[in-house]
Amino acid sequence: MPLQPFRARLKAGAPLLAPFSIIPSIEVVELIGLAGFDGIILDLEHGAHGSEALGPLILAARARSIYPLVRVRSSEPTEIAAALDAGAAGVIVPQIGSVEEAERAVKAARFAPDGNRGANPFVRGADYSGRAEWFAEANRDVAILLMIEGQGGVDAMHEIAALPNLDGIFIGPMDLSHALGVPGEMGHPKVVSAIKDVIDACKAAGVTTGIFAGTGELARRWIGRGVTLVGTGVDTSYILEGLKAVVTELRA
């Protein structure tokens with residue numbers, strides 16, 4: 001069954017669970033879909049992926065009826081456009097530190113008149129169709145979320161959240177803890193307070209909030225606070241934990 005366009009799915013407000021994937025493997029993508037997750041975040045920032053790997057991974061996600069999202073390496077417009085051309089349902093842009101950088105990233109994800117994304121209707125994202133109508137459809141359907149992970153982003157969060165055509169803000173608690181002077185302490189009051197402030201800013205602006213949550217307890221906590229998109233851990237961690245559990249059982 002075809003997936004609902006991701007932008008519309010975000011606006012519906014029901015929680016979305018999507019682990020980060022740093023292993024460029026079709027089989028891993030399929031397993032995440034078969035496990036029952038809503039999406040997968042293909043992580044170009046920290047993973048071993050190159051842009052050329054995205055096509056098969058995105059197709060694998062769609063074949064297993066989960067949303068293929070891509071965390072790009074930077075806010076460089078060509079990075080954003082390449083992920084969307086490859087067929088990503090949405091992009092997550094890391095390390096946004098100012099309103100100017102945020103606006104540049106949002107415009108890179110939208111075709112004119114909403115932005116300045118390079119126009120080519122013969123790519124996978126357009127089903128290679130060449131249809132002129134696809135430009136408006138892509139503006140309507142694909143999503144862009146910006147990551148707030150540092151002090152600059154926190155300081156400008158209200159202005160960033162209010163940008164036209166932005167779908168949401170994704171919070172990176174780990175980087176945020178480093179930026180706030182408590183490295184690795186994602187539960188520190190400074191970090192938690194900043195997270196709550198970002199969530200409140202998103203609610204006020206009417207945009208989605210996303211967050212990384214490495215445990216079920218944290219995921220439930222932030223969903224209860226109004227977060228929609230939860231980055232539920234990382235594939236490498238899940239595989240390692242599963243393998244350790246098997247070894248422990250076998251050696252018992």
# chains A, B, ... in the order shown; residues from 1 in each chain; ligands from 1

$ residues_around --residues "Val123 in chain A" --least-positions-apart "5" --cutoff "9 Å" --atoms "only C-alpha atoms" --output "list in words"
Asp85, Ala86, Gly87, Tyr128, Ser129 and Gly130 of chain A

$ write_last_selection --atoms "C-alpha atoms" --output "mmCIF file, in the first residue's frame"
data_model
loop_
_atom_site.group_PDB
_atom_site.id
_atom_site.type_symbol
_atom_site.label_atom_id
_atom_site.label_comp_id
_atom_site.auth_asym_id
_atom_site.auth_seq_id
_atom_site.Cartn_x
_atom_site.Cartn_y
_atom_site.Cartn_z
ATOM 1 C CA ASP A 85 16.260 13.823 -6.025
ATOM 2 C CA ALA A 86 17.173 10.295 -4.885
ATOM 3 C CA GLY A 87 13.625 9.894 -3.575
ATOM 4 C CA TYR A 128 11.850 9.775 -13.953
ATOM 5 C CA SER A 129 8.624 11.174 -15.417
ATOM 6 C CA GLY A 130 9.621 14.585 -16.744
#

$ closest_atom_pairs --of "range 45-101 of chain A" --to "range 167-191 of chain A" --cutoff "10 Å" --atoms "only C-alpha atoms" --output "JSON lines"
{"residue": "A:Gly90", "atom": "CA", "partner": "A:Asp167", "partner_atom": "CA", "distance": 9.6}
{"residue": "A:Ile92", "atom": "CA", "partner": "A:Phe170", "partner_atom": "CA", "distance": 7.4}
{"residue": "A:Val93", "atom": "CA", "partner": "A:Phe170", "partner_atom": "CA", "distance": 8.6}
{"residue": "A:Pro94", "atom": "CA", "partner": "A:Gly172", "partner_atom": "CA", "distance": 8.6}
{"residue": "A:Gln95", "atom": "CA", "partner": "A:Asp175", "partner_atom": "CA", "distance": 8.8}
{"residue": "A:Ile96", "atom": "CA", "partner": "A:Ile169", "partner_atom": "CA", "distance": 9.8}

$ residues_around --residues "Val28 in chain A" --least-positions-apart "5" --cutoff "12 Å" --atoms "only C-alpha atoms" --output "PyMOL selection string"
chain A and resi 19-23+33-35+40-42+56-58+60-61+64+234-236+238-239

$ select_by_dssp --residues "range 36-91 of chain A" --states "alpha helix (DSSP H)" --output "list in words"
Leu54, Gly55, Pro56, Leu57, Ile58, Leu59, Ala60, Ala61, Arg62, Ala63, Pro77, Thr78, Glu79, Ile80, Ala81, Ala82, Ala83, Leu84 and Asp85 of chain A

$ closest_residue --among "A:Thr232, A:Met147, A:Ala12, A:Phe111" --to "Trp134 in chain A" --atoms "only C-alpha atoms"
A:Phe111

$ closest_residue --among "A:Val99, A:Ala245, A:Val192, A:Leu16" --to "Pro164 in chain A" --atoms "only C-alpha atoms"
A:Val99

$ closest_residue --among "A:Val207, A:Ala89, A:Gly233, A:Arg251" --to "Ala18 in chain A" --atoms "only C-alpha atoms"
A:Gly233
